[in-house]
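*Asks:* Structure file data39.pdb, PDB, C-alpha atoms, is pasted below:
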ATOM      1  CA  MET W   1     -12.741-115.905  65.343
ATOM      2  CA  ASP W   2      -9.650-115.078  63.272
ATOM      3  CA  VAL W   3      -6.889-113.614  65.428
ATOM      4  CA  ILE W   4      -3.326-112.333  65.153
ATOM      5  CA  ILE W   5      -0.766-112.901  67.898
ATOM      6  CA  THR W   6       1.728-110.115  68.446
ATOM      7  CA  ALA W   7       4.872-109.876  70.546
ATOM      8  CA  ASP W   8       6.905-106.894  71.704
ATOM      9  CA  ILE W   9      10.319-108.115  72.833
ATOM     10  CA  GLY W  10      12.581-105.874  74.876
ATOM     11  CA  GLY W  11      15.628-106.244  77.032
ATOM     12  CA  THR W  12      13.523-105.841  80.173
ATOM     13  CA  GLN W  13      10.171-107.398  79.341
ATOM     14  CA  ILE W  14       8.337-109.483  76.779
ATOM     15  CA  ARG W  15       4.749-108.588  75.966
ATOM     16  CA  VAL W  16       2.351-110.743  73.982
ATOM     17  CA  ALA W  17      -1.198-109.902  72.897
ATOM     18  CA  VAL W  18      -3.965-111.561  70.920
ATOM     19  CA  TYR W  19      -5.934-109.256  68.616
ATOM     20  CA  PRO W  20      -8.965-109.814  66.401
ATOM     21  CA  ALA W  21      -7.579-110.018  62.864
ATOM     22  CA  ASN W  22      -9.234-106.756  61.854
ATOM     23  CA  GLY W  23      -9.380-104.998  65.227
ATOM     24  CA  ILE W  24      -7.021-103.007  67.456
ATOM     25  CA  LYS W  25      -8.351-103.868  70.928
ATOM     26  CA  PRO W  26      -6.603-106.925  72.368
ATOM     27  CA  LEU W  27      -8.625-109.903  73.492
ATOM     28  CA  ARG W  28      -5.838-110.872  75.906
ATOM     29  CA  GLN W  29      -2.362-109.648  76.737
ATOM     30  CA  LYS W  30       0.345-110.356  79.277
ATOM     31  CA  ARG W  31       3.894-109.288  80.054
ATOM     32  CA  ILE W  32       6.739-111.181  81.692
ATOM     33  CA  PRO W  33      10.382-110.332  82.468
ATOM     34  CA  THR W  34      12.714-111.075  79.554
ATOM     35  CA  LYS W  35      15.312-112.640  81.814
ATOM     36  CA  GLY W  36      14.540-115.645  83.957
ATOM     37  CA  LYS W  37      15.412-119.264  84.557
ATOM     38  CA  ASP W  38      14.711-120.181  80.921
ATOM     39  CA  PRO W  39      16.235-118.476  77.845
ATOM     40  CA  ALA W  40      14.260-115.549  76.446
ATOM     41  CA  HIS W  41      13.043-117.421  73.351
ATOM     42  CA  VAL W  42      11.680-120.225  75.554
ATOM     43  CA  ARG W  43       9.899-117.662  77.730
ATOM     44  CA  LEU W  44       8.464-116.047  74.596
ATOM     45  CA  THR W  45       7.103-119.301  73.144
ATOM     46  CA  GLY W  46       5.663-120.241  76.531
ATOM     47  CA  LEU W  47       3.813-116.940  76.805
ATOM     48  CA  ILE W  48       2.429-117.246  73.269
ATOM     49  CA  ALA W  49       1.207-120.775  74.000
ATOM     50  CA  GLU W  50      -0.413-119.563  77.224
ATOM     51  CA  LEU W  51      -2.423-116.880  75.423
ATOM     52  CA  MET W  52      -3.555-119.001  72.467
ATOM     53  CA  HIS W  53      -7.135-120.282  72.593
ATOM     54  CA  PRO W  54      -8.304-123.474  70.871
ATOM     55  CA  ASP W  55     -11.572-121.866  69.733
ATOM     56  CA  GLU W  56      -9.716-119.153  67.780
ATOM     57  CA  ASN W  57      -8.113-119.369  64.365
ATOM     58  CA  ALA W  58      -4.672-117.791  64.602
ATOM     59  CA  LEU W  59      -3.651-116.389  61.219
ATOM     60  CA  ALA W  60      -0.091-115.358  62.084
ATOM     61  CA  ILE W  61       2.420-114.330  64.705
ATOM     62  CA  ALA W  62       4.148-110.950  64.367
ATOM     63  CA  ALA W  63       7.015-109.811  66.568
ATOM     64  CA  ALA W  64       8.890-106.576  67.183
ATOM     65  CA  ALA W  65      12.473-107.390  68.174
ATOM     66  CA  PRO W  66      15.168-105.056  69.520
ATOM     67  CA  GLY W  67      18.276-104.276  67.516
ATOM     68  CA  PRO W  68      19.073-105.061  63.882
ATOM     69  CA  THR W  69      16.893-107.719  62.305
ATOM     70  CA  ASP W  70      16.650-109.339  58.888
ATOM     71  CA  PRO W  71      12.900-109.601  58.312
ATOM     72  CA  LYS W  72      13.363-111.423  55.018
ATOM     73  CA  LEU W  73      15.234-114.288  56.676
ATOM     74  CA  GLY W  74      13.485-113.935  60.021
ATOM     75  CA  LEU W  75      16.747-113.369  61.891
ATOM     76  CA  VAL W  76      17.474-111.277  64.957
ATOM     77  CA  LEU W  77      21.011-110.251  64.052
ATOM     78  CA  ASN W  78      21.959-108.775  67.406
ATOM     79  CA  ALA W  79      19.576-108.009  70.273
ATOM     80  CA  PRO W  80      21.200-105.788  72.899
ATOM     81  CA  ASN W  81      20.698-106.975  76.462
ATOM     82  CA  ILE W  82      19.325-110.414  75.500
ATOM     83  CA  PRO W  83      22.071-113.035  75.912
ATOM     84  CA  GLY W  84      22.404-115.454  73.025
ATOM     85  CA  TRP W  85      20.300-113.458  70.580
ATOM     86  CA  THR W  86      22.890-113.158  67.823
ATOM     87  CA  ASN W  87      21.852-114.403  64.364
ATOM     88  CA  LEU W  88      18.877-116.010  66.093
ATOM     89  CA  PRO W  89      16.401-117.558  63.583
ATOM     90  CA  LEU W  90      13.440-116.407  65.645
ATOM     91  CA  ALA W  91      10.830-116.555  62.879
ATOM     92  CA  GLN W  92      11.740-120.148  62.029
ATOM     93  CA  MET W  93      11.735-121.130  65.693
ATOM     94  CA  LEU W  94       8.242-119.728  66.196
ATOM     95  CA  HIS W  95       7.021-121.285  62.950
ATOM     96  CA  ASP W  96       8.352-124.687  63.991
ATOM     97  CA  GLN W  97       6.638-124.373  67.358
ATOM     98  CA  PHE W  98       3.226-123.081  66.251
ATOM     99  CA  HIS W  99       3.028-123.895  62.500
ATOM    100  CA  LEU W 100       1.901-120.380  61.622
ATOM    101  CA  PRO W 101       3.273-117.644  59.354
ATOM    102  CA  VAL W 102       5.680-115.479  61.360
ATOM    103  CA  TYR W 103       6.512-111.850  60.557
ATOM    104  CA  LEU W 104       9.490-110.230  62.239
ATOM    105  CA  GLY W 105      10.603-106.613  62.347
ATOM    106  CA  ASN W 106      12.996-104.269  64.085
ATOM    107  CA  ASP W 107      11.153-102.588  66.960
ATOM    108  CA  ALA W 108      11.665 -99.035  65.677
ATOM    109  CA  ASN W 109      10.528 -99.918  62.148
ATOM    110  CA  VAL W 110       7.520-101.722  63.551
ATOM    111  CA  ALA W 111       6.692 -98.712  65.751
ATOM    112  CA  ALA W 112       6.777 -96.484  62.675
ATOM    113  CA  LEU W 113       4.328 -98.805  60.970
ATOM    114  CA  GLY W 114       2.038 -98.725  64.005
ATOM    115  CA  GLU W 115       2.042 -94.939  64.288
ATOM    116  CA  TRP W 116       1.346 -94.679  60.556
ATOM    117  CA  ARG W 117      -1.530 -97.137  60.571
ATOM    118  CA  PHE W 118      -3.141 -96.507  63.954
ATOM    119  CA  GLY W 119      -1.566 -93.448  65.595
ATOM    120  CA  ALA W 120      -0.317 -89.939  64.914
ATOM    121  CA  GLY W 121       0.512 -90.691  61.272
ATOM    122  CA  LYS W 122      -2.889 -92.037  60.295
ATOM    123  CA  GLY W 123      -3.921 -90.605  56.921
ATOM    124  CA  HIS W 124      -0.387 -89.688  55.866
ATOM    125  CA  HIS W 125       1.433 -91.394  53.015
ATOM    126  CA  ASP W 126       5.003 -90.304  53.852
ATOM    127  CA  LEU W 127       6.173 -90.441  57.477
ATOM    128  CA  ILE W 128       9.365 -90.423  59.510
ATOM    129  CA  TYR W 129       9.228 -91.841  63.018
ATOM    130  CA  PHE W 130      11.938 -91.379  65.650
ATOM    131  CA  THR W 131      12.142 -93.081  69.014
ATOM    132  CA  ILE W 132      14.376 -90.958  71.258
ATOM    133  CA  SER W 133      15.107 -92.959  74.359
ATOM    134  CA  THR W 134      18.203 -94.795  75.626
ATOM    135  CA  GLY W 135      19.311 -94.647  71.987
ATOM    136  CA  ILE W 136      17.699 -93.251  68.856
ATOM    137  CA  GLY W 137      15.979 -95.434  66.305
ATOM    138  CA  GLY W 138      13.273 -94.956  63.766
ATOM    139  CA  GLY W 139      11.501 -95.945  60.631
ATOM    140  CA  VAL W 140      10.298 -94.425  57.383
ATOM    141  CA  ILE W 141       7.057 -94.848  55.479
ATOM    142  CA  SER W 142       7.389 -93.715  51.855
ATOM    143  CA  ASP W 143       4.360 -93.754  49.576
ATOM    144  CA  ASP W 144       2.534 -96.054  52.018
ATOM    145  CA  ARG W 145       5.413 -98.546  52.207
ATOM    146  CA  LEU W 146       7.792 -99.287  55.071
ATOM    147  CA  LEU W 147      11.361 -98.873  53.824
ATOM    148  CA  LEU W 148      13.515-101.875  54.711
ATOM    149  CA  GLY W 149      16.453-101.990  52.323
ATOM    150  CA  GLN W 150      18.284-105.028  50.995
ATOM    151  CA  ARG W 151      18.501-106.879  54.341
ATOM    152  CA  GLY W 152      15.964-104.952  56.348
ATOM    153  CA  LEU W 153      18.705-102.781  57.846
ATOM    154  CA  ALA W 154      17.565 -99.448  56.375
ATOM    155  CA  THR W 155      16.590 -96.333  58.349
ATOM    156  CA  GLU W 156      18.940 -96.611  61.323
ATOM    157  CA  LEU W 157      18.063 -92.980  61.960
ATOM    158  CA  GLY W 158      20.151 -92.608  65.112
ATOM    159  CA  HIS W 159      23.375 -93.105  63.204
ATOM    160  CA  VAL W 160      23.525 -90.128  60.890
ATOM    161  CA  THR W 161      26.620 -88.002  61.533
ATOM    162  CA  VAL W 162      25.806 -84.454  62.642
ATOM    163  CA  ASP W 163      29.332 -83.557  63.808
ATOM    164  CA  PRO W 164      32.338 -85.678  62.739
ATOM    165  CA  ASN W 165      34.273 -84.276  65.702
ATOM    166  CA  GLY W 166      31.459 -84.918  68.168
ATOM    167  CA  PRO W 167      31.266 -87.384  71.050
ATOM    168  CA  VAL W 168      31.569 -91.126  70.524
ATOM    169  CA  CYS W 169      28.276 -92.911  69.936
ATOM    170  CA  GLY W 170      27.349 -96.156  71.663
ATOM    171  CA  CYS W 171      28.052 -97.911  68.349
ATOM    172  CA  GLY W 172      31.683 -96.765  68.539
ATOM    173  CA  HIS W 173      31.597 -94.093  65.838
ATOM    174  CA  ARG W 174      31.897 -90.393  66.451
ATOM    175  CA  GLY W 175      29.321 -87.644  66.100
ATOM    176  CA  HIS W 176      26.104 -89.579  65.439
ATOM    177  CA  ILE W 177      22.845 -87.923  66.478
ATOM    178  CA  GLU W 178      22.420 -90.664  69.093
ATOM    179  CA  ALA W 179      25.575 -89.325  70.773
ATOM    180  CA  PHE W 180      23.951 -85.891  71.147
ATOM    181  CA  SER W 181      20.213 -86.269  71.607
ATOM    182  CA  SER W 182      19.423 -89.668  73.125
ATOM    183  CA  GLY W 183      18.542 -89.961  76.790
ATOM    184  CA  THR W 184      21.918 -91.577  77.398
ATOM    185  CA  ALA W 185      23.730 -88.709  75.653
ATOM    186  CA  ILE W 186      21.842 -86.076  77.638
ATOM    187  CA  ALA W 187      22.736 -87.798  80.911
ATOM    188  CA  ARG W 188      26.364 -88.203  79.800
ATOM    189  CA  PHE W 189      26.672 -84.517  78.930
ATOM    190  CA  VAL W 190      25.314 -83.523  82.344
ATOM    191  CA  ALA W 191      27.634 -85.958  84.117
ATOM    192  CA  GLY W 192      30.617 -84.492  82.274
ATOM    193  CA  GLN W 193      29.658 -80.951  83.203
ATOM    194  CA  LEU W 194      29.108 -81.878  86.841
ATOM    195  CA  ALA W 195      32.528 -83.549  86.911
ATOM    196  CA  GLN W 196      34.005 -80.230  85.800
ATOM    197  CA  GLY W 197      32.385 -78.510  88.773
ATOM    198  CA  ARG W 198      29.273 -76.982  87.175
ATOM    199  CA  ALA W 199      26.725 -75.819  89.722
ATOM    200  CA  SER W 200      23.394 -77.620  89.421
ATOM    201  CA  THR W 201      20.591 -79.032  91.525
ATOM    202  CA  LEU W 202      21.390 -82.318  89.785
ATOM    203  CA  THR W 203      24.452 -82.758  92.029
ATOM    204  CA  ALA W 204      22.027 -84.052  94.667
ATOM    205  CA  ILE W 205      21.052 -87.001  92.437
ATOM    206  CA  PRO W 206      23.486 -89.914  92.003
ATOM    207  CA  GLN W 207      23.887 -90.503  88.250
ATOM    208  CA  PRO W 208      20.979 -88.342  87.024
ATOM    209  CA  ASN W 209      19.163 -89.669  83.954
ATOM    210  CA  ALA W 210      17.385 -87.819  81.156
ATOM    211  CA  HIS W 211      14.111 -87.730  83.089
ATOM    212  CA  ASP W 212      15.886 -86.133  86.057
ATOM    213  CA  VAL W 213      17.367 -83.568  83.675
ATOM    214  CA  SER W 214      13.930 -82.768  82.254
ATOM    215  CA  VAL W 215      12.449 -82.281  85.727
ATOM    216  CA  ALA W 216      15.369 -80.046  86.738
ATOM    217  CA  ALA W 217      14.992 -77.994  83.549
ATOM    218  CA  ASP W 218      11.322 -77.388  84.309
ATOM    219  CA  ALA W 219      12.426 -76.131  87.732
ATOM    220  CA  GLY W 220      14.838 -73.660  86.109
ATOM    221  CA  ASP W 221      18.170 -75.457  86.478
ATOM    222  CA  GLU W 222      20.575 -73.813  83.998
ATOM    223  CA  LEU W 223      22.684 -76.902  83.280
ATOM    224  CA  ALA W 224      19.600 -79.040  82.683
ATOM    225  CA  ILE W 225      18.161 -76.430  80.318
ATOM    226  CA  GLU W 226      21.478 -76.254  78.446
ATOM    227  CA  ALA W 227      21.597 -80.050  78.114
ATOM    228  CA  LEU W 228      18.101 -80.262  76.613
ATOM    229  CA  GLU W 229      18.646 -77.266  74.345
ATOM    230  CA  ARG W 230      21.860 -78.853  73.043
ATOM    231  CA  ALA W 231      20.055 -82.127  72.381
ATOM    232  CA  GLY W 232      17.192 -80.329  70.658
ATOM    233  CA  LYS W 233      19.512 -78.276  68.474
ATOM    234  CA  TYR W 234      21.294 -81.341  67.092
ATOM    235  CA  MET W 235      18.015 -83.229  66.706
ATOM    236  CA  GLY W 236      16.792 -80.412  64.472
ATOM    237  CA  ILE W 237      19.915 -80.755  62.301
ATOM    238  CA  ALA W 238      19.330 -84.496  61.956
ATOM    239  CA  ILE W 239      15.657 -84.090  61.083
ATOM    240  CA  ALA W 240      16.585 -81.568  58.383
ATOM    241  CA  ASN W 241      18.917 -84.155  56.843
ATOM    242  CA  TYR W 242      16.092 -86.669  56.712
ATOM    243  CA  LEU W 243      13.607 -84.153  55.314
ATOM    244  CA  HIS W 244      16.009 -83.584  52.426
ATOM    245  CA  ILE W 245      16.138 -87.323  51.722
ATOM    246  CA  PHE W 246      12.546 -88.466  52.310
ATOM    247  CA  ASN W 247      10.357 -85.315  52.127
ATOM    248  CA  PRO W 248       7.663 -86.591  54.527
ATOM    249  CA  SER W 249       4.398 -84.867  55.396
ATOM    250  CA  ILE W 250       4.752 -85.801  59.080
ATOM    251  CA  VAL W 251       7.561 -86.395  61.568
ATOM    252  CA  VAL W 252       6.560 -88.312  64.696
ATOM    253  CA  LEU W 253       8.723 -88.350  67.818
ATOM    254  CA  GLY W 254       8.381 -91.082  70.439
ATOM    255  CA  GLY W 255      10.419 -92.284  73.406
ATOM    256  CA  GLY W 256      11.085 -90.716  76.776
ATOM    257  CA  VAL W 257      13.011 -87.676  75.536
ATOM    258  CA  SER W 258      10.023 -86.671  73.397
ATOM    259  CA  HIS W 259       8.283 -85.752  76.669
ATOM    260  CA  SER W 260      10.922 -83.154  77.584
ATOM    261  CA  GLY W 261       8.774 -80.201  76.549
ATOM    262  CA  GLY W 262       9.788 -76.806  75.268
ATOM    263  CA  HIS W 263      13.383 -76.908  76.460
ATOM    264  CA  PHE W 264      13.931 -79.632  73.842
ATOM    265  CA  PHE W 265      11.338 -78.805  71.190
ATOM    266  CA  ILE W 266      11.831 -75.041  70.816
ATOM    267  CA  PRO W 267      15.555 -75.250  69.918
ATOM    268  CA  MET W 268      14.824 -78.327  67.797
ATOM    269  CA  ARG W 269      12.242 -76.459  65.719
ATOM    270  CA  GLN W 270      14.539 -73.439  65.398
ATOM    271  CA  SER W 271      17.498 -75.564  64.369
ATOM    272  CA  LEU W 272      15.335 -77.446  61.887
ATOM    273  CA  LYS W 273      14.175 -74.187  60.333
ATOM    274  CA  GLU W 274      17.757 -72.964  60.018
ATOM    275  CA  SER W 275      19.081 -76.267  58.618
ATOM    276  CA  VAL W 276      16.727 -77.003  55.716
ATOM    277  CA  PHE W 277      18.045 -75.626  52.437
ATOM    278  CA  SER W 278      14.553 -74.762  51.181
ATOM    279  CA  PRO W 279      11.469 -73.687  53.158
ATOM    280  CA  GLY W 280       9.464 -75.981  50.881
ATOM    281  CA  TYR W 281      10.433 -78.915  53.102
ATOM    282  CA  LEU W 282       8.572 -77.327  56.003
ATOM    283  CA  GLU W 283       5.412 -76.421  54.103
ATOM    284  CA  ASN W 284       2.477 -78.486  55.367
ATOM    285  CA  LEU W 285       4.863 -80.504  57.545
ATOM    286  CA  THR W 286       3.392 -81.881  60.770
ATOM    287  CA  LEU W 287       5.862 -82.313  63.622
ATOM    288  CA  THR W 288       4.258 -84.128  66.526
ATOM    289  CA  THR W 289       4.650 -86.745  69.250
ATOM    290  CA  ALA W 290       3.648 -90.407  69.114
ATOM    291  CA  GLU W 291       0.179 -91.471  70.220
ATOM    292  CA  LEU W 292       0.321 -95.233  70.828
ATOM    293  CA  GLY W 293       2.269 -95.161  74.103
ATOM    294  CA  ASP W 294       3.161 -98.480  75.740
ATOM    295  CA  ASP W 295       1.165-100.432  73.155
ATOM    296  CA  MET W 296       3.255 -99.135  70.256
ATOM    297  CA  GLY W 297       5.237-102.361  69.822
ATOM    298  CA  LEU W 298       2.199-104.625  70.002
ATOM    299  CA  LEU W 299       0.128-102.477  67.654
ATOM    300  CA  GLY W 300       3.077-102.054  65.314
ATOM    301  CA  ALA W 301       3.452-105.824  65.124
ATOM    302  CA  LEU W 302      -0.287-106.047  64.453
ATOM    303  CA  ALA W 303       0.105-103.534  61.608
ATOM    304  CA  LEU W 304       3.008-105.599  60.257
ATOM    305  CA  ALA W 305       0.909-108.764  60.175
ATOM    306  CA  GLN W 306      -2.121-107.013  58.704
ATOM    307  CA  THR W 307       0.079-105.560  55.974
ATOM    308  CA  TYR W 308       1.437-108.974  54.977
ATOM    309  CA  LEU W 309      -2.025-110.565  55.229
ATOM    310  CA  ASN W 310      -3.630-107.726  53.202
ATOM    311  CA  ILE W 311      -6.086-106.918  55.989
ATOM    312  CA  SER W 312      -7.254-103.305  55.830
TER     313      SER W 312
END
What do you get writing this file as structure tokens?

*Replies:*
Amino acid sequence: MDVIITADIGGTQIRVAVYPANGIKPLRQKRIPTKGKDPAHVRLTGLIAELMHPDENALAIAAAAPGPTDPKLGLVLNAPNIPGWTNLPLAQMLHDQFHLPVYLGNDANVAALGEWRFGAGKGHHDLIYFTISTGIGGGVISDDRLLLGQRGLATELGHVTVDPNGPVCGCGHRGHIEAFSSGTAIARFVAGQLAQGRASTLTAIPQPNAHDVSVAADAGDELAIEALERAGKYMGIAIANYLHIFNPSIVVLGGGVSHSGGHFFIPMRQSLKESVFSPGYLENLTLTTAELGDDMGLLGALALAQTYLNIS
């Protein structure tokens, strides 16, 4: 049987799966912690070797890596939370170990490809995908092609400026959408308000996170509702910017914040409507949440390999 081996590499865990070359149900999969006695790349190669089967014909390895990557050179330029993963030639390392073609992509770009091929974006030709979690990332499909740019660094969707006088982003610049609407930004806004003496049920939780804020909002907490509405408002502004540039037929939202419900989505939709310069951008536009869940990285890597191997 022809198979494709896929890897989803994160700061917390590494997942590897073996898929039939033209199927989407894994034959085998396993996850391990990213950090351990051995370096992360050694743990990754060990897990791949463990899941390979001598009776199968592996066509390729495809990997979704965190942080900026150069897919053309097979480099992980900088992987947050993985020590030593700076300018790491991961594709070459895997090729040298297993003697197979290796395809590498940024995790958010790869997720966009997965949602387009297998998930919420199936059947669309022009898609924008956002992952709204600790940070904000994303990817763009335009005319059935994943946009990568000169070095594969295109579509860093979390780093569009929505307010030049806004809060400082994790990247060090001011006013990016990630500084307003990511899970980290939501939690930071709440922490700042609590420090100023705002009344909230969240005072009972040490260092409340975005999930805590969402739960409190559903229970009617005014500060929590304000935090999600603020995040949704700025997310709508950012999406409008991207609609003007890419004119997609579908926008897909993934990540933990995408599960925050109406307190986030209602102001986001209203802000989006107010921010587009022509209603034509909203005609026949689908705005929805991601469908692939925890398997998004693995299936996105599968889509990446199938694309390169011309497997439909």

*Asks:* If I take CA of Phe180 in chain W and CA of Ala231 in chain W, how far is one from the other in Å, to one decimal?

*Replies:* 5.6 Å

*Asks:* Quick one: apply the PyMOL selection byres ((chain W and resi 78-87) around 9) to the file and drop the selected residues here as a list in words.

*Replies:*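 What the PyMOL selection byres ((chain W and resi 78-87) around 9) grabs from the file is Gly10, Gly11, Thr12, Thr34, Lys35, Pro39, Ala40, His41, Ala65, Pro66, Gly67, Pro68, Thr69, Leu75, Val76, Leu77, Leu88, Pro89 and Leu90 of chain W.
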
*Asks:* Using Å and a single decimal, report how far CA of Gly138 in chain W sits from CA of Gly256 in chain W.

*Replies:*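 Atom-to-atom, CA of Gly256 in chain W to CA of Gly138 in chain W, that is 13.9 Å.
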
*Asks:* Report the residues retrieved by the PyMOL selection byres ((chain W and resi 8) around 6) from the displayed file, expressed as a ChimeraX atom specification.

*Replies:* /W:7,9,14-15,63-64,297-298

*Asks:* Keeping C-alpha atoms, export the residues of the selection given above as a JSON list (two decimals), keeping the file's coordinate frame.

*Replies:*
[["chain", "number", "residue", "atom", "x", "y", "z"],
["W", 7, "ALA", "CA", 4.87, -109.88, 70.55],
["W", 9, "ILE", "CA", 10.32, -108.12, 72.83],
["W", 14, "ILE", "CA", 8.34, -109.48, 76.78],
["W", 15, "ARG", "CA", 4.75, -108.59, 75.97],
["W", 63, "ALA", "CA", 7.02, -109.81, 66.57],
["W", 64, "ALA", "CA", 8.89, -106.58, 67.18],
["W", 297, "GLY", "CA", 5.24, -102.36, 69.82],
["W", 298, "LEU", "CA", 2.20, -104.62, 70.00]]

*Asks:* Please report the interatomic distance between CA of Gly280 in chain W and CA of Met235 in chain W in Å with one decimal.

*Replies:*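 Atom-to-atom, CA of Gly280 in chain W and CA of Met235 in chain W are spaced 19.4 Å apart.
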
*Asks:* Output as a PDB file, keeping the file's coordinate frame: range 292-305 of chain W, completed with N, CA and C atoms.

*Replies:*
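File produced: rebuild.pdb:
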ATOM      1  N   LEU W 292       0.683 -93.870  70.436  1.00  0.00           N
ATOM      2  CA  LEU W 292       0.321 -95.233  70.828  1.00  0.00           C
ATOM      3  C   LEU W 292       0.860 -95.650  72.189  1.00  0.00           C
ATOM      4  N   GLY W 293       1.788 -94.896  72.749  1.00  0.00           N
ATOM      5  CA  GLY W 293       2.269 -95.161  74.103  1.00  0.00           C
ATOM      6  C   GLY W 293       2.860 -96.544  74.276  1.00  0.00           C
ATOM      7  N   ASP W 294       2.561 -97.188  75.410  1.00  0.00           N
ATOM      8  CA  ASP W 294       3.161 -98.480  75.740  1.00  0.00           C
ATOM      9  C   ASP W 294       2.759 -99.585  74.771  1.00  0.00           C
ATOM     10  N   ASP W 295       1.635 -99.395  74.067  1.00  0.00           N
ATOM     11  CA  ASP W 295       1.165-100.432  73.155  1.00  0.00           C
ATOM     12  C   ASP W 295       1.760-100.309  71.760  1.00  0.00           C
ATOM     13  N   MET W 296       2.709 -99.397  71.583  1.00  0.00           N
ATOM     14  CA  MET W 296       3.255 -99.135  70.256  1.00  0.00           C
ATOM     15  C   MET W 296       3.842-100.401  69.619  1.00  0.00           C
ATOM     16  N   GLY W 297       4.612-101.170  70.380  1.00  0.00           N
ATOM     17  CA  GLY W 297       5.237-102.361  69.822  1.00  0.00           C
ATOM     18  C   GLY W 297       4.218-103.412  69.430  1.00  0.00           C
ATOM     19  N   LEU W 298       3.227-103.632  70.294  1.00  0.00           N
ATOM     20  CA  LEU W 298       2.199-104.625  70.002  1.00  0.00           C
ATOM     21  C   LEU W 298       1.352-104.215  68.804  1.00  0.00           C
ATOM     22  N   LEU W 299       0.947-102.948  68.769  1.00  0.00           N
ATOM     23  CA  LEU W 299       0.128-102.477  67.654  1.00  0.00           C
ATOM     24  C   LEU W 299       0.942-102.381  66.367  1.00  0.00           C
ATOM     25  N   GLY W 300       2.216-102.056  66.491  1.00  0.00           N
ATOM     26  CA  GLY W 300       3.077-102.054  65.314  1.00  0.00           C
ATOM     27  C   GLY W 300       3.220-103.443  64.731  1.00  0.00           C
ATOM     28  N   ALA W 301       3.378-104.442  65.595  1.00  0.00           N
ATOM     29  CA  ALA W 301       3.452-105.824  65.124  1.00  0.00           C
ATOM     30  C   ALA W 301       2.134-106.240  64.485  1.00  0.00           C
ATOM     31  N   LEU W 302       1.020-105.780  65.058  1.00  0.00           N
ATOM     32  CA  LEU W 302      -0.287-106.047  64.453  1.00  0.00           C
ATOM     33  C   LEU W 302      -0.362-105.440  63.057  1.00  0.00           C
ATOM     34  N   ALA W 303       0.094-104.190  62.919  1.00  0.00           N
ATOM     35  CA  ALA W 303       0.105-103.534  61.608  1.00  0.00           C
ATOM     36  C   ALA W 303       0.980-104.299  60.628  1.00  0.00           C
ATOM     37  N   LEU W 304       2.110-104.822  61.110  1.00  0.00           N
ATOM     38  CA  LEU W 304       3.008-105.599  60.257  1.00  0.00           C
ATOM     39  C   LEU W 304       2.288-106.839  59.719  1.00  0.00           C
ATOM     40  N   ALA W 305       1.623-107.559  60.604  1.00  0.00           N
ATOM     41  CA  ALA W 305       0.909-108.764  60.175  1.00  0.00           C
ATOM     42  C   ALA W 305      -0.227-108.428  59.229  1.00  0.00           C
TER      43      ALA W 305
END
